[in-house]
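*Asks:* Following this message is one structure expressed as structure tokens.
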Amino acid sequence: MKIVIAPDSFKGSLTALQVASAIEEGLNKYDKDFIIEKVPMGDGGEGTVESLVSLRNGEIITVEVKDPLMREIKGFYGLLGDKKTAVIEMAAASGLPLLKQNERNPLIASTYGTGQLIKDALERGCKKFIIGIGGSATNDGGTGMLKALGIKFLSKDNKELKDGAIELDQLDKIDMTNFDKRIFECEIKVACDVENTLCGENGASFIFGPQKGADKQMMKVLDENLHHYGEILENTFNMNVINVPGAGAAGGMGAAFIAVIKAKLERGIDIVVQESKLSEKLEDCDLVFTGEGRIDYQTKFGKTPFGVANEAKKKNIPVIAIAGSIGEGTETLYEVGFDGIFSIIDKPMTLDDSIKNGSELVKEAAYRIINLYMTHERKSK
């Protein structure tokens, strides 16, 4: 019997690989003769680098980069086994978790460090990039990233603008003279799971600004500055990105990828499903295990377990999901490919206890589930 184990991470507790290994232990406790293939997954956000590195015989590259406030930190990205593919999470250099609560200020936060990660991968000869743009602390329209790649953003008097979004209203021209044009020779896949526009009520500043430290007045300034930036992008690259879905992702980073780098925005899980070769690994498979820290009605909007279930259902393979917790609306998931959804919690416990004992709880949950499943299989024959 072949079983594929393809979970996401349990954030704050276990990586995707650790979850997969714990499920494997539970299955082996029941029967060591199962043919098991572990496929640790991600949806383009946190943990995607580690998942694809482990699947594709890659390595983690550590690089000195600038954090959102232009301080030196150690960032990282994944270099896959082909030595030509880089997997980057922008949060590793420009992420909100890198800042203390009182440091959050999207007027001055910069994506420069993300550009440095891209630059380093170009120097190593990478020709393909998978870039996740979730979890940012920034609202600079990706200008910091583009600066790191050689672009200059100039005012009417030819002065370079300050880092961040604070002077985008003064932008007059974009100088591409020193831009690292090697990027145009690369395949760029941008993992983006939001459809927010660059500006307006549903734009980057008003929707995501508050979590990045913006008050109402700052949100208005940020939105106006991004609108002006969008107009300059249109004048320069003959592309209207202001109302394009996804252009507002990561504080306008989506707009920079669309207009300047000519990259394609895709759902993160679709990219990971493709890059992990999940469909091939599901050949001759009898049962699939997936999971994530919390499963609820939002899971069907592009989260990892949904992507896995979707692929499995194309081959009519039953899918079981294991979660740290189960939220509202999970009954709708049975209509979109899930056959069973189970929590790892086996008795009353605190959140700290469940995190601390996550691996053991996942293992025992998998053991209980496979007992039930195999009992049903025997009786149905």
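The way I read the labels, and the way they are meant: chains A, B, ... in the order of the structure tokens, residue 1 as the first residue of every chain, and ligand 1 as the first ligand shown, with later ones counted on from there.
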Counting only C-alpha atoms, what is within 12 Å of Glu280 of chain A, bar same-chain residues fewer than 4 positions away, as a PyMOL selection string?
*Replies:* chain A and resi 4+37+39+273-276+284-285+311-312+314-315
*Asks:* Just to be explicit: take each residue in the selection above, keep N, CA and C atoms, and write the result as a PDB file, in the first residue's frame.
*Replies:*
```
ATOM      1  N   VAL A   4       1.164   8.706   0.324  1.00  0.00           N
ATOM      2  CA  VAL A   4       1.902   9.959   0.153  1.00  0.00           C
ATOM      3  C   VAL A   4       1.537  10.895   1.300  1.00  0.00           C
ATOM      4  N   GLU A  37       5.895   7.907   0.816  1.00  0.00           N
ATOM      5  CA  GLU A  37       6.655   8.982   0.172  1.00  0.00           C
ATOM      6  C   GLU A  37       6.294  10.298   0.848  1.00  0.00           C
ATOM      7  N   VAL A  39       6.360  14.299   1.061  1.00  0.00           N
ATOM      8  CA  VAL A  39       6.451  15.458   0.171  1.00  0.00           C
ATOM      9  C   VAL A  39       6.119  16.710   0.993  1.00  0.00           C
ATOM     10  N   VAL A 273       2.982  22.846  -5.847  1.00  0.00           N
ATOM     11  CA  VAL A 273       2.509  21.562  -6.384  1.00  0.00           C
ATOM     12  C   VAL A 273       3.302  21.194  -7.636  1.00  0.00           C
ATOM     13  N   GLN A 274       3.513  22.182  -8.497  1.00  0.00           N
ATOM     14  CA  GLN A 274       4.255  21.932  -9.730  1.00  0.00           C
ATOM     15  C   GLN A 274       5.725  21.629  -9.454  1.00  0.00           C
ATOM     16  N   GLU A 275       6.360  22.469  -8.618  1.00  0.00           N
ATOM     17  CA  GLU A 275       7.793  22.326  -8.381  1.00  0.00           C
ATOM     18  C   GLU A 275       8.138  21.076  -7.566  1.00  0.00           C
ATOM     19  N   SER A 276       7.194  20.616  -6.748  1.00  0.00           N
ATOM     20  CA  SER A 276       7.428  19.408  -5.947  1.00  0.00           C
ATOM     21  C   SER A 276       7.150  18.134  -6.729  1.00  0.00           C
ATOM     22  N   ASP A 284      -0.064   5.655  -8.647  1.00  0.00           N
ATOM     23  CA  ASP A 284      -0.171   4.375  -7.925  1.00  0.00           C
ATOM     24  C   ASP A 284      -0.313   4.561  -6.412  1.00  0.00           C
ATOM     25  N   CYS A 285      -0.769   5.739  -6.011  1.00  0.00           N
ATOM     26  CA  CYS A 285      -0.943   6.011  -4.577  1.00  0.00           C
ATOM     27  C   CYS A 285      -2.333   5.550  -4.114  1.00  0.00           C
ATOM     28  N   GLU A 311      -5.152  17.879  -6.173  1.00  0.00           N
ATOM     29  CA  GLU A 311      -4.353  16.998  -7.020  1.00  0.00           C
ATOM     30  C   GLU A 311      -4.737  15.534  -6.817  1.00  0.00           C
ATOM     31  N   ALA A 312      -4.967  15.160  -5.559  1.00  0.00           N
ATOM     32  CA  ALA A 312      -5.305  13.764  -5.260  1.00  0.00           C
ATOM     33  C   ALA A 312      -6.643  13.376  -5.877  1.00  0.00           C
ATOM     34  N   LYS A 314      -7.938  14.386  -8.572  1.00  0.00           N
ATOM     35  CA  LYS A 314      -7.812  14.148 -10.021  1.00  0.00           C
ATOM     36  C   LYS A 314      -7.528  12.679 -10.297  1.00  0.00           C
ATOM     37  N   LYS A 315      -6.970  11.993  -9.308  1.00  0.00           N
ATOM     38  CA  LYS A 315      -6.632  10.576  -9.455  1.00  0.00           C
ATOM     39  C   LYS A 315      -7.522   9.708  -8.563  1.00  0.00           C
TER      40      LYS A 315
END
```
*Asks:* Write out as a ChimeraX atom specification all residues of segment 45-241 of chain A that DSSP puts in alpha helix (DSSP H) for this structure's backbone.
*Replies:* /A:48-55,91-94,112-123,143-148,204-208,216-237
*Asks:* Residues near Leu98 of chain A, anyone? I mean within 12 Å using only C-alpha atoms, not counting same-chain ones fewer than 6 positions away, as a PDB file with N, CA and C atoms, in the first residue's frame.
*Replies:*
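Listing of selection-v9.pdb after writing:
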```
ATOM      1  N   LYS A  66      20.068  43.874   4.036  1.00  0.00           N
ATOM      2  CA  LYS A  66      19.454  44.930   4.836  1.00  0.00           C
ATOM      3  C   LYS A  66      18.046  44.511   5.249  1.00  0.00           C
ATOM      4  N   ASP A  67      17.715  44.754   6.515  1.00  0.00           N
ATOM      5  CA  ASP A  67      16.348  44.489   6.967  1.00  0.00           C
ATOM      6  C   ASP A  67      15.448  45.651   6.530  1.00  0.00           C
ATOM      7  N   PRO A  68      14.160  45.666   6.869  1.00  0.00           N
ATOM      8  CA  PRO A  68      13.287  46.740   6.393  1.00  0.00           C
ATOM      9  C   PRO A  68      13.722  48.144   6.800  1.00  0.00           C
ATOM     10  N   LEU A  69      14.499  48.253   7.883  1.00  0.00           N
ATOM     11  CA  LEU A  69      14.987  49.562   8.321  1.00  0.00           C
ATOM     12  C   LEU A  69      16.444  49.779   7.923  1.00  0.00           C
ATOM     13  N   MET A  70      16.912  48.981   6.959  1.00  0.00           N
ATOM     14  CA  MET A  70      18.258  49.120   6.365  1.00  0.00           C
ATOM     15  C   MET A  70      19.385  48.815   7.347  1.00  0.00           C
ATOM     16  N   ARG A  71      19.108  47.912   8.292  1.00  0.00           N
ATOM     17  CA  ARG A  71      20.137  47.427   9.204  1.00  0.00           C
ATOM     18  C   ARG A  71      20.652  46.079   8.696  1.00  0.00           C
ATOM     19  N   GLU A  72      21.930  45.816   8.935  1.00  0.00           N
ATOM     20  CA  GLU A  72      22.524  44.558   8.472  1.00  0.00           C
ATOM     21  C   GLU A  72      21.968  43.366   9.255  1.00  0.00           C
ATOM     22  N   ILE A  73      21.505  42.350   8.521  1.00  0.00           N
ATOM     23  CA  ILE A  73      21.059  41.095   9.127  1.00  0.00           C
ATOM     24  C   ILE A  73      21.511  39.943   8.226  1.00  0.00           C
ATOM     25  N   LYS A  74      21.332  38.738   8.699  1.00  0.00           N
ATOM     26  CA  LYS A  74      21.581  37.560   7.876  1.00  0.00           C
ATOM     27  C   LYS A  74      20.259  37.090   7.282  1.00  0.00           C
ATOM     28  N   GLY A  75      20.124  37.213   5.964  1.00  0.00           N
ATOM     29  CA  GLY A  75      18.970  36.685   5.266  1.00  0.00           C
ATOM     30  C   GLY A  75      19.319  35.333   4.661  1.00  0.00           C
ATOM     31  N   MET A  90      10.399  36.658   0.635  1.00  0.00           N
ATOM     32  CA  MET A  90      10.795  38.042   0.898  1.00  0.00           C
ATOM     33  C   MET A  90      10.790  38.360   2.391  1.00  0.00           C
ATOM     34  N   ALA A  91      10.010  37.617   3.171  1.00  0.00           N
ATOM     35  CA  ALA A  91       9.957  37.855   4.610  1.00  0.00           C
ATOM     36  C   ALA A  91      11.297  37.590   5.287  1.00  0.00           C
ATOM     37  N   ALA A  92      12.177  36.821   4.627  1.00  0.00           N
ATOM     38  CA  ALA A  92      13.495  36.535   5.198  1.00  0.00           C
ATOM     39  C   ALA A  92      14.379  37.766   5.233  1.00  0.00           C
ATOM     40  N   ARG A 104       7.657  49.367  13.627  1.00  0.00           N
ATOM     41  CA  ARG A 104       6.895  49.220  12.388  1.00  0.00           C
ATOM     42  C   ARG A 104       6.474  50.580  11.829  1.00  0.00           C
ATOM     43  N   ALA A 109       9.971  51.746   5.698  1.00  0.00           N
ATOM     44  CA  ALA A 109      10.423  50.363   5.518  1.00  0.00           C
ATOM     45  C   ALA A 109      10.724  50.092   4.047  1.00  0.00           C
ATOM     46  N   GLY A 113      16.483  44.579   0.970  1.00  0.00           N
ATOM     47  CA  GLY A 113      17.085  43.286   1.297  1.00  0.00           C
ATOM     48  C   GLY A 113      16.613  42.162   0.396  1.00  0.00           C
ATOM     49  N   GLY A 135       3.973  38.373   4.016  1.00  0.00           N
ATOM     50  CA  GLY A 135       4.559  38.700   5.307  1.00  0.00           C
ATOM     51  C   GLY A 135       5.460  39.912   5.353  1.00  0.00           C
ATOM     52  N   SER A 136       5.272  40.858   4.431  1.00  0.00           N
ATOM     53  CA  SER A 136       6.186  42.001   4.356  1.00  0.00           C
ATOM     54  C   SER A 136       5.880  43.068   5.398  1.00  0.00           C
ATOM     55  N   ALA A 137       6.908  43.852   5.711  1.00  0.00           N
ATOM     56  CA  ALA A 137       6.773  45.001   6.610  1.00  0.00           C
ATOM     57  C   ALA A 137       6.687  46.300   5.813  1.00  0.00           C
ATOM     58  N   THR A 138       6.618  46.188   4.500  1.00  0.00           N
ATOM     59  CA  THR A 138       6.884  47.310   3.607  1.00  0.00           C
ATOM     60  C   THR A 138       5.659  47.799   2.843  1.00  0.00           C
ATOM     61  N   LYS A 212       1.074  46.847   9.567  1.00  0.00           N
ATOM     62  CA  LYS A 212       2.472  47.234   9.397  1.00  0.00           C
ATOM     63  C   LYS A 212       2.815  48.499  10.185  1.00  0.00           C
TER      64      LYS A 212
END
```
*Asks:* Just checking: using only C-alpha atoms, which residue out of A:Gly329, A:Asp172, A:Gly358, A:Leu122 ends up closest to Thr236 of chain A?
*Replies:* A:Asp172
*Asks:* Which residue gives the smallest distance to Gly141 of chain A among A:Val241, A:Ile295, A:Ala121, A:Leu372, with only C-alpha atoms counted?
*Replies:*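 Looking at the shortest contact to Gly141 of chain A, the residue is A:Val241.
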*Asks:* List as a ChimeraX atom specification the protein and nucleic acid residues near segment 216-225 of chain A, meaning an atom at most 8 Å away when only C-alpha atoms are counted, but skip any in the same chain fewer than 3 places from it.
*Replies:* /A:107,139,165-169,199-200,203-206,209-210,228-229
*Asks:* For Met349 of chain A, work out the shell of residues within 12 Å, counting only C-alpha atoms and skipping chain neighbours fewer than 6 positions away, then give it as an mmCIF file with N, CA, C and O atoms, in the first residue's frame.
*Replies:*
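Saved as part.cif:
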```cif
data_model
loop_
_atom_site.group_PDB
_atom_site.id
_atom_site.type_symbol
_atom_site.label_atom_id
_atom_site.label_comp_id
_atom_site.auth_asym_id
_atom_site.auth_seq_id
_atom_site.Cartn_x
_atom_site.Cartn_y
_atom_site.Cartn_z
ATOM 1 N N GLY A 324 -3.611 20.947 13.787
ATOM 2 C CA GLY A 324 -3.448 21.279 15.197
ATOM 3 C C GLY A 324 -4.784 21.656 15.812
ATOM 4 O O GLY A 324 -5.102 21.281 16.934
ATOM 5 N N SER A 325 -5.577 22.398 15.053
ATOM 6 C CA SER A 325 -6.924 22.755 15.493
ATOM 7 C C SER A 325 -7.846 22.802 14.287
ATOM 8 O O SER A 325 -7.407 23.009 13.152
ATOM 9 N N ILE A 355 1.856 22.699 21.341
ATOM 10 C CA ILE A 355 3.024 23.085 20.539
ATOM 11 C C ILE A 355 4.253 22.299 20.981
ATOM 12 O O ILE A 355 5.007 21.777 20.159
ATOM 13 N N LYS A 356 4.438 22.208 22.284
ATOM 14 C CA LYS A 356 5.604 21.527 22.844
ATOM 15 C C LYS A 356 5.629 20.046 22.445
ATOM 16 O O LYS A 356 6.686 19.477 22.163
ATOM 17 N N ASN A 357 4.448 19.428 22.430
ATOM 18 C CA ASN A 357 4.360 17.991 22.160
ATOM 19 C C ASN A 357 3.816 17.703 20.765
ATOM 20 O O ASN A 357 3.286 16.620 20.513
ATOM 21 N N GLY A 358 3.976 18.663 19.864
ATOM 22 C CA GLY A 358 3.377 18.564 18.541
ATOM 23 C C GLY A 358 3.730 17.295 17.790
ATOM 24 O O GLY A 358 2.864 16.622 17.226
ATOM 25 N N LEU A 361 2.016 14.213 19.250
ATOM 26 C CA LEU A 361 0.571 14.275 19.023
ATOM 27 C C LEU A 361 0.224 13.956 17.571
ATOM 28 O O LEU A 361 -0.761 13.259 17.293
#
```
*Asks:* Determine which residues of segment 190-308 of chain A DSSP labels as strand (DSSP E or B) from the backbone of this structure, then write them out as JSON, numbers by chain.
*Replies:* {"A": [190, 191, 197, 203, 264, 265, 266, 287, 288, 289, 290, 291, 292, 293, 294, 295]}
*Asks:* Take the residues just selected and output them with all heavy atoms as a compact mmCIF listing (two decimals), in the first residue's frame.
*Replies:*
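As a result, result_1.txt now contains:
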```txt
# COMPACT_ATOMS: atom_id res chain seq x y z
N VAL A 190 6.18 34.33 -9.17
CA VAL A 190 5.93 35.05 -7.93
C VAL A 190 4.70 34.45 -7.25
O VAL A 190 3.60 34.44 -7.82
CB VAL A 190 5.70 36.54 -8.20
CG1 VAL A 190 5.44 37.28 -6.89
CG2 VAL A 190 6.92 37.14 -8.90
N ALA A 191 4.91 33.92 -6.05
CA ALA A 191 3.82 33.31 -5.29
C ALA A 191 3.02 34.41 -4.60
O ALA A 191 3.52 35.08 -3.70
CB ALA A 191 4.38 32.34 -4.26
N THR A 197 -5.53 45.42 -5.21
CA THR A 197 -4.96 46.34 -6.18
C THR A 197 -3.89 47.21 -5.51
O THR A 197 -3.74 47.18 -4.28
CB THR A 197 -6.06 47.23 -6.78
OG1 THR A 197 -6.78 47.85 -5.71
CG2 THR A 197 -7.02 46.40 -7.62
N GLY A 203 -6.78 48.48 -1.71
CA GLY A 203 -5.38 48.51 -2.10
C GLY A 203 -4.44 48.16 -0.97
O GLY A 203 -4.84 47.92 0.17
N LYS A 264 5.22 36.79 -13.66
CA LYS A 264 3.85 36.30 -13.57
C LYS A 264 3.52 36.02 -12.10
O LYS A 264 4.29 35.39 -11.38
CB LYS A 264 3.71 35.02 -14.39
CG LYS A 264 2.31 34.44 -14.41
CD LYS A 264 2.28 33.17 -15.25
CE LYS A 264 0.88 32.56 -15.26
NZ LYS A 264 0.85 31.26 -16.00
N LEU A 265 2.36 36.53 -11.66
CA LEU A 265 1.90 36.23 -10.30
C LEU A 265 1.04 34.98 -10.35
O LEU A 265 0.13 34.87 -11.17
CB LEU A 265 1.08 37.40 -9.73
CG LEU A 265 1.72 38.79 -9.73
CD1 LEU A 265 0.83 39.77 -8.95
CD2 LEU A 265 3.11 38.78 -9.14
N GLU A 266 1.34 34.03 -9.47
CA GLU A 266 0.59 32.78 -9.43
C GLU A 266 0.25 32.42 -7.99
O GLU A 266 0.91 32.87 -7.05
CB GLU A 266 1.42 31.63 -10.03
CG GLU A 266 1.89 31.85 -11.45
CD GLU A 266 2.74 30.68 -11.93
OE1 GLU A 266 2.33 29.52 -11.72
OE2 GLU A 266 3.80 30.93 -12.52
N LEU A 287 -3.49 6.30 -0.70
CA LEU A 287 -4.00 7.18 0.35
C LEU A 287 -3.07 8.37 0.51
O LEU A 287 -1.85 8.23 0.40
CB LEU A 287 -4.09 6.42 1.68
CG LEU A 287 -4.55 7.18 2.92
CD1 LEU A 287 -6.00 7.66 2.76
CD2 LEU A 287 -4.43 6.30 4.17
N VAL A 288 -3.65 9.55 0.76
CA VAL A 288 -2.87 10.77 0.95
C VAL A 288 -3.15 11.36 2.33
O VAL A 288 -4.31 11.47 2.74
CB VAL A 288 -3.20 11.82 -0.13
CG1 VAL A 288 -2.55 13.17 0.20
CG2 VAL A 288 -2.74 11.35 -1.50
N PHE A 289 -2.08 11.72 3.03
CA PHE A 289 -2.18 12.50 4.26
C PHE A 289 -1.67 13.91 3.97
O PHE A 289 -0.63 14.10 3.34
CB PHE A 289 -1.32 11.90 5.37
CG PHE A 289 -1.98 10.79 6.13
CD1 PHE A 289 -1.97 9.50 5.63
CD2 PHE A 289 -2.62 11.03 7.34
CE1 PHE A 289 -2.56 8.46 6.32
CE2 PHE A 289 -3.22 10.00 8.04
CZ PHE A 289 -3.20 8.70 7.54
N THR A 290 -2.42 14.91 4.44
CA THR A 290 -1.96 16.29 4.37
C THR A 290 -2.27 16.94 5.72
O THR A 290 -2.68 16.27 6.66
CB THR A 290 -2.61 17.03 3.18
OG1 THR A 290 -2.03 18.35 3.09
CG2 THR A 290 -4.11 17.17 3.35
N GLY A 291 -2.08 18.25 5.81
CA GLY A 291 -2.39 18.92 7.07
C GLY A 291 -1.71 20.27 7.19
O GLY A 291 -0.86 20.64 6.39
N GLU A 292 -2.13 21.01 8.21
CA GLU A 292 -1.51 22.28 8.58
C GLU A 292 -1.93 22.61 10.01
O GLU A 292 -2.74 21.90 10.62
CB GLU A 292 -1.91 23.40 7.63
CG GLU A 292 -3.39 23.75 7.61
CD GLU A 292 -3.72 24.88 6.65
OE1 GLU A 292 -2.80 25.61 6.27
OE2 GLU A 292 -4.90 25.01 6.29
N GLY A 293 -1.40 23.69 10.54
CA GLY A 293 -1.65 24.02 11.94
C GLY A 293 -3.11 24.21 12.27
O GLY A 293 -3.59 23.76 13.31
N ARG A 294 -3.84 24.88 11.38
CA ARG A 294 -5.27 25.09 11.59
C ARG A 294 -6.00 24.88 10.27
O ARG A 294 -5.59 25.39 9.23
CB ARG A 294 -5.55 26.50 12.11
CG ARG A 294 -7.04 26.81 12.31
CD ARG A 294 -7.22 28.23 12.86
NE ARG A 294 -8.62 28.62 12.93
CZ ARG A 294 -9.45 28.31 13.92
NH1 ARG A 294 -9.00 27.59 14.94
NH2 ARG A 294 -10.71 28.71 13.92
N ILE A 295 -7.07 24.11 10.33
CA ILE A 295 -7.90 23.88 9.16
C ILE A 295 -9.29 24.44 9.43
O ILE A 295 -9.89 24.14 10.47
CB ILE A 295 -7.96 22.39 8.80
CG1 ILE A 295 -6.61 21.92 8.25
CG2 ILE A 295 -9.06 22.10 7.78
CD1 ILE A 295 -6.56 20.46 7.88
```
*Asks:* Which one of A:Asp286, A:Gly12, A:Asp346, A:Phe301 sits closest to Val319 of chain A if you count only C-alpha atoms?
*Replies:*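 Distance minimum relative to Val319 of chain A lands on A:Asp286.
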*Asks:* So that I can check the surroundings of Met41 of chain A, please list as number ranges by chain every protein, DNA and RNA residue that reaches within 7 Å of it, counting only C-alpha atoms and ignoring chain neighbours fewer than 4 positions away.
*Replies:* A: 6-8, 16, 48, 51, 272, 304
*Asks:* Go ahead and save the residues from that selection, with all heavy atoms, as a PDB file, in the first residue's frame.
*Replies:*
```pdb
ATOM      1  N   ALA A   6       1.867  14.701   2.461  1.00  0.00           N
ATOM      2  CA  ALA A   6       2.182  16.014   1.881  1.00  0.00           C
ATOM      3  C   ALA A   6       1.564  17.143   2.710  1.00  0.00           C
ATOM      4  O   ALA A   6       0.608  17.797   2.274  1.00  0.00           O
ATOM      5  CB  ALA A   6       1.675  16.079   0.439  1.00  0.00           C
ATOM      6  N   PRO A   7       2.112  17.415   3.892  1.00  0.00           N
ATOM      7  CA  PRO A   7       1.565  18.479   4.744  1.00  0.00           C
ATOM      8  C   PRO A   7       2.309  19.805   4.597  1.00  0.00           C
ATOM      9  O   PRO A   7       3.418  19.859   4.043  1.00  0.00           O
ATOM     10  CB  PRO A   7       1.808  17.924   6.145  1.00  0.00           C
ATOM     11  CG  PRO A   7       3.137  17.219   6.000  1.00  0.00           C
ATOM     12  CD  PRO A   7       3.158  16.659   4.575  1.00  0.00           C
ATOM     13  N   ASP A   8       1.692  20.857   5.105  1.00  0.00           N
ATOM     14  CA  ASP A   8       2.365  22.132   5.319  1.00  0.00           C
ATOM     15  C   ASP A   8       2.929  22.102   6.743  1.00  0.00           C
ATOM     16  O   ASP A   8       2.744  21.129   7.484  1.00  0.00           O
ATOM     17  CB  ASP A   8       1.376  23.288   5.149  1.00  0.00           C
ATOM     18  CG  ASP A   8       2.053  24.621   4.825  1.00  0.00           C
ATOM     19  OD1 ASP A   8       3.259  24.755   5.098  1.00  0.00           O
ATOM     20  OD2 ASP A   8       1.375  25.522   4.315  1.00  0.00           O
ATOM     21  N   ALA A  16       7.189  21.558   7.872  1.00  0.00           N
ATOM     22  CA  ALA A  16       6.450  20.605   7.045  1.00  0.00           C
ATOM     23  C   ALA A  16       7.133  19.240   7.054  1.00  0.00           C
ATOM     24  O   ALA A  16       6.468  18.195   7.110  1.00  0.00           O
ATOM     25  CB  ALA A  16       6.329  21.139   5.624  1.00  0.00           C
ATOM     26  N   THR A  48       8.260  27.574   2.737  1.00  0.00           N
ATOM     27  CA  THR A  48       8.353  27.091   1.355  1.00  0.00           C
ATOM     28  C   THR A  48       9.794  26.820   0.946  1.00  0.00           C
ATOM     29  O   THR A  48      10.082  25.827   0.268  1.00  0.00           O
ATOM     30  CB  THR A  48       7.697  28.097   0.389  1.00  0.00           C
ATOM     31  OG1 THR A  48       6.324  28.261   0.743  1.00  0.00           O
ATOM     32  CG2 THR A  48       7.800  27.627  -1.049  1.00  0.00           C
ATOM     33  N   SER A  51      10.871  23.527   2.450  1.00  0.00           N
ATOM     34  CA  SER A  51      10.191  22.392   1.831  1.00  0.00           C
ATOM     35  C   SER A  51      10.798  22.051   0.478  1.00  0.00           C
ATOM     36  O   SER A  51      11.110  20.888   0.196  1.00  0.00           O
ATOM     37  CB  SER A  51       8.693  22.702   1.674  1.00  0.00           C
ATOM     38  OG  SER A  51       8.073  22.807   2.931  1.00  0.00           O
ATOM     39  N   VAL A 272       4.055  25.433  -5.828  1.00  0.00           N
ATOM     40  CA  VAL A 272       4.704  24.372  -5.043  1.00  0.00           C
ATOM     41  C   VAL A 272       4.259  22.990  -5.509  1.00  0.00           C
ATOM     42  O   VAL A 272       5.075  22.055  -5.570  1.00  0.00           O
ATOM     43  CB  VAL A 272       4.429  24.572  -3.537  1.00  0.00           C
ATOM     44  CG1 VAL A 272       5.050  23.437  -2.721  1.00  0.00           C
ATOM     45  CG2 VAL A 272       4.988  25.911  -3.061  1.00  0.00           C
ATOM     46  N   THR A 304      -2.362  25.021   1.528  1.00  0.00           N
ATOM     47  CA  THR A 304      -1.666  23.803   1.112  1.00  0.00           C
ATOM     48  C   THR A 304      -2.551  22.556   1.101  1.00  0.00           C
ATOM     49  O   THR A 304      -2.575  21.824   0.102  1.00  0.00           O
ATOM     50  CB  THR A 304      -0.433  23.571   1.999  1.00  0.00           C
ATOM     51  OG1 THR A 304       0.502  24.624   1.758  1.00  0.00           O
ATOM     52  CG2 THR A 304       0.220  22.233   1.693  1.00  0.00           C
TER      53      THR A 304
END
```
*Asks:* Write out as an mmCIF file with N, CA, C and O atoms, in the first residue's frame which residues come within 10 Å of Lys84 of chain A when counting only C-alpha atoms, dropping same-chain ones fewer than 5 positions away.
*Replies:*
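around-v6.cif was written with the following content:
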```
data_model
loop_
_atom_site.group_PDB
_atom_site.id
_atom_site.type_symbol
_atom_site.label_atom_id
_atom_site.label_comp_id
_atom_site.auth_asym_id
_atom_site.auth_seq_id
_atom_site.Cartn_x
_atom_site.Cartn_y
_atom_site.Cartn_z
ATOM 1 N N LEU A 79 18.742 27.356 -2.651
ATOM 2 C CA LEU A 79 19.313 27.046 -3.956
ATOM 3 C C LEU A 79 19.046 25.565 -4.211
ATOM 4 O O LEU A 79 19.552 24.706 -3.491
ATOM 5 N N ALA A 121 21.585 35.542 -5.883
ATOM 6 C CA ALA A 121 21.247 34.356 -6.674
ATOM 7 C C ALA A 121 21.643 34.545 -8.142
ATOM 8 O O ALA A 121 22.090 33.593 -8.792
ATOM 9 N N LEU A 122 21.500 35.758 -8.661
ATOM 10 C CA LEU A 122 21.951 36.035 -10.028
ATOM 11 C C LEU A 122 23.456 35.831 -10.149
ATOM 12 O O LEU A 122 23.943 35.264 -11.139
ATOM 13 N N ARG A 124 25.190 33.817 -8.569
ATOM 14 C CA ARG A 124 25.478 32.377 -8.520
ATOM 15 C C ARG A 124 25.024 31.661 -9.785
ATOM 16 O O ARG A 124 25.122 30.433 -9.881
ATOM 17 N N GLY A 125 24.488 32.419 -10.720
ATOM 18 C CA GLY A 125 24.106 31.828 -11.997
ATOM 19 C C GLY A 125 22.685 31.318 -12.089
ATOM 20 O O GLY A 125 22.350 30.588 -13.031
ATOM 21 N N CYS A 126 21.838 31.691 -11.140
ATOM 22 C CA CYS A 126 20.450 31.217 -11.176
ATOM 23 C C CYS A 126 19.708 31.791 -12.381
ATOM 24 O O CYS A 126 19.874 32.957 -12.736
ATOM 25 N N LYS A 127 18.875 30.940 -12.988
ATOM 26 C CA LYS A 127 18.098 31.326 -14.155
ATOM 27 C C LYS A 127 16.598 31.186 -13.911
ATOM 28 O O LYS A 127 15.784 31.539 -14.771
ATOM 29 N N LYS A 128 16.246 30.667 -12.749
ATOM 30 C CA LYS A 128 14.832 30.502 -12.401
ATOM 31 C C LYS A 128 14.632 30.934 -10.958
ATOM 32 O O LYS A 128 15.436 30.588 -10.081
ATOM 33 N N PHE A 129 13.571 31.695 -10.719
ATOM 34 C CA PHE A 129 13.287 32.212 -9.389
ATOM 35 C C PHE A 129 11.854 31.897 -8.991
ATOM 36 O O PHE A 129 10.923 32.096 -9.772
ATOM 37 N N CYS A 186 15.712 35.392 -17.029
ATOM 38 C CA CYS A 186 15.310 34.372 -16.058
ATOM 39 C C CYS A 186 13.806 34.121 -16.107
ATOM 40 O O CYS A 186 13.020 34.983 -16.484
#
```
